[in-house]
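Novice: First the structure, which I've put down as structure tokens, then a few questions once you've had a look.
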Amino acid sequence: MSGSPSSAAKSGLRAGDPSELSPPVMSQWQIFVRFLRFGLLAWGGPVAQIAMIRRELVDEERWLSSGRFNRLLAVYQVLPGPEAHELCVHIGMLAGRRLGGIMAGLGFMLPGFVLMFALSWLYFTIDIGQSALGPIFLGVQVAVIALIVRAVHRIGEHVLLDRWLWGIGIASAVAAFLGASFWITLPAAGLAYALAKREQPVLAIVALLAAATLAYSVGPENGLLQSLSPGLAMEGAAAQQPSLLSIFLSGLKAGLLTFGGAYTVIPFLRDDAVGNGWMTDAQFLDGLALSGILPAPLIIFSTFVGYFGGGPLGAVAMTVGIFLPAFGFSLLLHDRLEKVVENRLLHSFLEGVAAGVVGLIAATTVELAVTLVQRLPSLPAGLLVFVVALAVLYLWKSKMNVVIAAFGAGFLGWLLFGVLR
């Protein structure tokens with residue numbers, strides 16, 4: 001049956017392709033357990049997670065061909081959401097239709113969610129800053145800045161491929177510093193690049209100028225310049241108790257805007273969580289640090305953010321919202337996803353949005369670093385931790401380098417900010 005035209009159409013494979021393969025017949029429970037194993041071993045970020053899935057399901061077990069896997073990966077790198085999770089949902093559908101996709105996605109995300117939920121509860125019940133863990137977490141926060149710097153570099157290498165994309169990225173970063181809303185910045189970035197690719201540079205420049213005019217007329221949100229102004233620091237934002245619906249919508253918004261990998265969710269969640277007073281920048285950095293040492297997509301730190309916004313139910317609401325697009329794209333558009341790559345206009349628009357997101361992450365990194373510097377007991381010691389963490393991330397080519405960088409920075413933080421202070 002797997003070689004018939006109908007089954008090929010259902011699985012999205014091209015009829016007549018000699019490399020067509022299909023997963024073994026499995027129950028829904030077997031699919032869940034198979035992808036639960038991936039979730040338990042999902043260390044080292046998206047590159048390591050995707051390599052693990054490829055090695056086991058393509059090279060060893062032959063669930064699908066290498067060419068098919070590469071095409072799927074190209075699609076999910078264009079669409080928003082964590083691509084490793086989306087691949088699991090899609091491949092689960094090949095094994096067990098839509099319910100199989102749901103079971104595969106749940107299996108992959110469950111270990112990270114359970115661990116982050118437990119750590120969120122523990123963090124929320126302990127006054128970290130006043131405990132012996134304070135210097136350790138301060139060191140880990142420095143490592144998180146290094147981690148984001150490395151991620152911006154890596155994402156930028158794949159996204160900023162020409163002068164227009166570089167210009168859009170820089171303009172988006174400047175706009176973020178000035179407090180422009182990303183609801184204005186990102187659509188303008190996508191439209192400008194789509195026009196530039198159609199060889200209409202004048203219209204592209206007009207689109208950017210129109211966006212700048214709109215942003216100026218609407219007025220700034222919380223940007224770097226505002227955060228450095230007296231009385232407007234994000235750390236001093238008045239706490240607001242959000243509803244579960246607003247937490248869910250915050251996650252859904254972030255999940256729909258994560259172009260280029262899980263790190264791109266950082267500015268969107270921070271805009272809601274820190275900007276609305278659910279948590280401080282220091283707590284936000286701690287959530288990122290915890291997610292970096294768990295076997296899960298980094299996007300699972302959204303569970304931590306949701307816990308601060310609304311307790312246990314807030315954690316669930318945020319997680320459901322942020323993962324919903326990752327399930328939805330695969331479950332609803334299963335047979336049509338490759339047309340995204342073939343649609344050059346849509347592809348150009350999404351490339352422009354991705355460049356804009358890179359600029360937003362870069363600006364957010366600077367804002368987080370400025371906040372962290374103000375809290376460091378010693379700037380030279382903080383720079384030492386940053387350089388060591390960055391060296392580990394750049395020079396040690398291992399899927400565990402993120403975990404080692406985080407733990408190593410924690411040890412240096414304990415030593416430099418605690419013992420030797």
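Ordering of the structure tokens sets the chain letters (A, B, ...); residue numbers start at 1 within each chain; ligands are numbered from 1 in the order shown.
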When you look at A:Ile168 with a cut-off of 10 Å (counting only C-alpha atoms), what residues show up, excluding the ones that are within fewer than 4 positions of it in the same chain? I need them as a PyMOL selection string.
Specialist: chain A and resi 160+163-164+172-174+185-186+188-190+192-193+208+352-359
Novice: Compile the contact shell of A:Gly139 as a list in words: residues with an atom at most 7 Å away, counting only C-alpha atoms, same-chain residues fewer than 5 positions apart removed.
Specialist: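 These residues fall inside the cut-off: Val385, Ala409, Gly410, Leu412 and Gly413 of chain A.
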Novice: Measuring between only C-alpha atoms, which one of A:Leu368, A:Leu313, A:Leu285, A:Leu64 shows the shortest distance to A:Leu138?
Specialist: A:Leu285
Novice: Hey, what's within 9 Å of A:Pro111 if we count only C-alpha atoms and toss same-chain stuff fewer than 3 positions away? As a list in words, please?
Specialist: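 Listing them by chain and then by number gives Leu36, Gly39, Leu40, Gly107, Phe108, Val114, Leu115, Met116, Leu294, Pro295 and Ala296 of chain A.
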Novice: Which residue, A:Val387, A:Ala289, A:Val47, A:Ile404, has the smallest gap to A:Arg154 when you use only C-alpha atoms?
Specialist: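 Closest residue, counting only C-alpha atoms: A:Val47.
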Novice: Just the residues within 12 Å of A:Pro82, please, counting only C-alpha atoms, with nothing from its chain fewer than 5 positions along; format it as JSON, numbers by chain.
Specialist: {"A": [45, 46, 47, 49, 50, 73, 75, 76, 77, 87, 88, 89, 105, 108, 109, 254, 255, 256, 257, 258, 259, 260, 261, 262, 263, 264, 265, 296, 297, 298, 299, 300, 322, 323, 324, 325, 326, 327, 329, 330]}
Novice: May I have all residues of stretch 267-355 of chain A that DSSP, computed from the backbone, assigns to alpha helix (DSSP H), given as an NGL selection string?
Specialist: :A and (267-273 or 281-292 or 301-332 or 338-342 or 344-355)
Novice: What lies within 10 Å of A:Gln30 using only C-alpha atoms, ignoring chain neighbours under 4 positions off, as a ChimeraX atom specification?
Specialist: /A:25-26,34-36,96,100,103-104
Novice: Store the residues picked out above, limited to N, CA and C atoms, as a PDB file, in the first residue's frame.
Specialist:
ATOM      1  N   VAL A  25       3.964   0.247  10.587  1.00  0.00           N
ATOM      2  CA  VAL A  25       2.620   0.324  11.173  1.00  0.00           C
ATOM      3  C   VAL A  25       2.753   0.370  12.693  1.00  0.00           C
ATOM      4  N   MET A  26       2.178   1.408  13.316  1.00  0.00           N
ATOM      5  CA  MET A  26       2.318   1.608  14.751  1.00  0.00           C
ATOM      6  C   MET A  26       0.989   2.059  15.336  1.00  0.00           C
ATOM      7  N   ARG A  34       7.588   6.477  21.020  1.00  0.00           N
ATOM      8  CA  ARG A  34       8.747   6.654  20.151  1.00  0.00           C
ATOM      9  C   ARG A  34       9.241   8.098  20.198  1.00  0.00           C
ATOM     10  N   PHE A  35       8.318   9.044  20.156  1.00  0.00           N
ATOM     11  CA  PHE A  35       8.727  10.442  20.154  1.00  0.00           C
ATOM     12  C   PHE A  35       8.968  10.973  21.565  1.00  0.00           C
ATOM     13  N   LEU A  36       8.429  10.297  22.561  1.00  0.00           N
ATOM     14  CA  LEU A  36       8.770  10.631  23.941  1.00  0.00           C
ATOM     15  C   LEU A  36      10.264  10.400  24.172  1.00  0.00           C
ATOM     16  N   GLY A  96       0.713   7.845  11.645  1.00  0.00           N
ATOM     17  CA  GLY A  96      -0.608   7.614  12.225  1.00  0.00           C
ATOM     18  C   GLY A  96      -1.615   8.702  11.964  1.00  0.00           C
ATOM     19  N   GLY A 100      -1.827  10.584  15.073  1.00  0.00           N
ATOM     20  CA  GLY A 100      -0.421  10.218  15.225  1.00  0.00           C
ATOM     21  C   GLY A 100       0.470  11.439  15.324  1.00  0.00           C
ATOM     22  N   MET A 103       0.073  12.836  18.851  1.00  0.00           N
ATOM     23  CA  MET A 103       0.784  12.008  19.827  1.00  0.00           C
ATOM     24  C   MET A 103       2.291  12.202  19.726  1.00  0.00           C
ATOM     25  N   ALA A 104       2.798  12.335  18.501  1.00  0.00           N
ATOM     26  CA  ALA A 104       4.235  12.551  18.315  1.00  0.00           C
ATOM     27  C   ALA A 104       4.653  13.905  18.898  1.00  0.00           C
TER      28      ALA A 104
END
Novice: Go through A:Ala211, A:Ile170, A:Leu99, A:Val206 one by one, measure the shortest atom-to-atom distance of each to A:Ile31 using only C-alpha atoms, and give the residue with the smallest value.
Specialist: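 For A:Ile31, the nearest of the given residues is A:Leu99.
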Novice: If you count only C-alpha atoms, which residues fall within 12 Å of A:Lys253, apart from same-chain ones fewer than 6 positions away, as an mmCIF file with C-alpha atoms, in the first residue's frame?
Specialist:
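Dumped everything to selection09.cif:
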data_model
loop_
_atom_site.group_PDB
_atom_site.id
_atom_site.type_symbol
_atom_site.label_atom_id
_atom_site.label_comp_id
_atom_site.auth_asym_id
_atom_site.auth_seq_id
_atom_site.Cartn_x
_atom_site.Cartn_y
_atom_site.Cartn_z
ATOM 1 C CA PRO A 80 7.195 30.100 12.398
ATOM 2 C CA GLY A 81 7.651 27.680 15.280
ATOM 3 C CA PHE A 182 6.919 45.090 16.110
ATOM 4 C CA TRP A 183 3.348 45.002 14.770
ATOM 5 C CA SER A 246 -4.450 37.119 27.724
ATOM 6 C CA ILE A 247 -1.655 34.710 28.703
ATOM 7 C CA PHE A 259 10.563 32.965 12.391
ATOM 8 C CA VAL A 265 10.346 34.196 20.513
ATOM 9 C CA ILE A 266 12.428 36.102 23.088
ATOM 10 C CA PRO A 267 11.522 39.708 22.154
ATOM 11 C CA PHE A 268 7.805 38.936 21.836
ATOM 12 C CA LEU A 269 7.417 37.196 25.176
ATOM 13 C CA ASP A 271 7.443 42.560 25.446
ATOM 14 C CA ASP A 272 4.396 41.119 27.226
ATOM 15 C CA SER A 302 7.381 30.075 27.810
ATOM 16 C CA MET A 318 1.038 29.923 27.753
ATOM 17 C CA THR A 319 2.424 26.540 26.675
ATOM 18 C CA VAL A 320 -0.746 25.635 24.769
ATOM 19 C CA GLY A 321 -0.772 29.011 23.043
ATOM 20 C CA ILE A 322 2.847 28.982 21.970
ATOM 21 C CA PHE A 323 2.835 25.377 20.701
ATOM 22 C CA LEU A 324 -0.547 25.587 18.974
ATOM 23 C CA PRO A 325 0.862 26.988 15.693
#
Novice: Contacts of A:Pro312 at 12 Å or less, counting only C-alpha atoms, minus same-chain residues fewer than 2 places along, as a compact mmCIF listing (two decimals) with N, CA and C atoms, in the first residue's frame?
Specialist:
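Contents of part.txt, as written:
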# COMPACT_ATOMS: atom_id res chain seq x y z
N PHE A 113 8.25 20.11 29.13
CA PHE A 113 7.18 20.82 29.82
C PHE A 113 7.10 20.43 31.29
N VAL A 114 7.16 19.13 31.56
CA VAL A 114 7.06 18.66 32.96
C VAL A 114 8.22 19.19 33.79
N MET A 116 10.16 21.88 33.15
CA MET A 116 10.09 23.32 33.30
C MET A 116 8.97 23.72 34.25
N PHE A 117 7.87 23.01 34.24
CA PHE A 117 6.77 23.28 35.17
C PHE A 117 7.24 23.08 36.61
N ALA A 118 7.95 21.97 36.85
CA ALA A 118 8.45 21.69 38.19
C ALA A 118 9.47 22.75 38.63
N LEU A 119 10.37 23.13 37.72
CA LEU A 119 11.37 24.15 38.06
C LEU A 119 10.72 25.52 38.26
N SER A 120 9.66 25.81 37.53
CA SER A 120 8.95 27.07 37.72
C SER A 120 8.34 27.13 39.11
N TRP A 121 7.71 26.05 39.52
CA TRP A 121 7.13 26.00 40.88
C TRP A 121 8.22 26.17 41.93
N LEU A 122 9.34 25.47 41.75
CA LEU A 122 10.43 25.57 42.72
C LEU A 122 10.99 26.98 42.76
N PHE A 124 9.53 29.73 41.93
CA PHE A 124 8.53 30.67 42.42
C PHE A 124 8.40 30.62 43.95
N LEU A 244 -6.15 34.43 32.09
CA LEU A 244 -5.64 33.24 31.40
C LEU A 244 -5.77 33.40 29.88
N ILE A 247 -2.89 35.50 28.69
CA ILE A 247 -1.66 34.71 28.70
C ILE A 247 -1.63 33.77 27.50
N THR A 303 6.74 28.28 29.34
CA THR A 303 6.04 27.72 30.50
C THR A 303 6.40 28.49 31.76
N PHE A 304 7.67 28.82 31.91
CA PHE A 304 8.15 29.61 33.04
C PHE A 304 7.51 30.99 33.05
N VAL A 305 7.46 31.62 31.88
CA VAL A 305 6.85 32.95 31.77
C VAL A 305 5.37 32.89 32.12
N GLY A 306 4.68 31.88 31.61
CA GLY A 306 3.26 31.74 31.92
C GLY A 306 3.00 31.49 33.39
N TYR A 307 3.92 30.78 34.06
CA TYR A 307 3.77 30.52 35.49
C TYR A 307 3.84 31.84 36.25
N PHE A 308 4.72 32.72 35.85
CA PHE A 308 4.81 34.02 36.52
C PHE A 308 3.58 34.87 36.24
N GLY A 309 2.99 34.69 35.06
CA GLY A 309 1.81 35.48 34.73
C GLY A 309 0.56 35.02 35.42
N GLY A 310 0.40 33.69 35.59
CA GLY A 310 -0.87 33.19 36.15
C GLY A 310 -0.77 31.90 36.90
N GLY A 314 -1.64 29.43 34.35
CA GLY A 314 -0.99 30.33 33.41
C GLY A 314 0.12 29.63 32.63
N ALA A 315 0.87 28.74 33.31
CA ALA A 315 1.91 27.97 32.63
C ALA A 315 1.32 27.10 31.54
N VAL A 316 0.19 26.45 31.85
CA VAL A 316 -0.47 25.59 30.85
C VAL A 316 -1.00 26.44 29.70
N ALA A 317 -1.65 27.57 30.03
CA ALA A 317 -2.24 28.42 28.99
C ALA A 317 -1.17 28.95 28.04
N MET A 318 -0.05 29.41 28.59
CA MET A 318 1.04 29.92 27.75
C MET A 318 1.62 28.82 26.86
N THR A 319 1.83 27.64 27.44
CA THR A 319 2.42 26.54 26.67
C THR A 319 1.51 26.11 25.54
Novice: Smallest atom-to-atom distance to A:His153: which of A:Leu390, A:Leu195, A:Leu376, A:Ala282, using only C-alpha atoms?
Specialist: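 The closest residue to A:His153 is A:Leu390.
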Novice: Measuring between only C-alpha atoms, which one of A:Pro135, A:Gly67, A:Pro24, A:Gly169 shows the shortest distance to A:Leu415?
Specialist: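 Smallest separation from A:Leu415 among the options: A:Pro135.
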Novice: Give me, please, the distance in Å between atom CA of A:Ser66 and atom CA of A:Gly328, quoted to one decimal.
Specialist: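 Pair atom CA of A:Ser66 / atom CA of A:Gly328 returns 24.0 Å.
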Novice: Would you compute the distance between atom CA of A:Ala48 and atom CA of A:Ile155? Give it in Å to one decimal.
Specialist: 15.1 Å
Novice: Hey, can you check how far atom CA of A:Ala146 sits from atom CA of A:Phe386?
Specialist: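 These atoms are spaced 6.0 Å apart.
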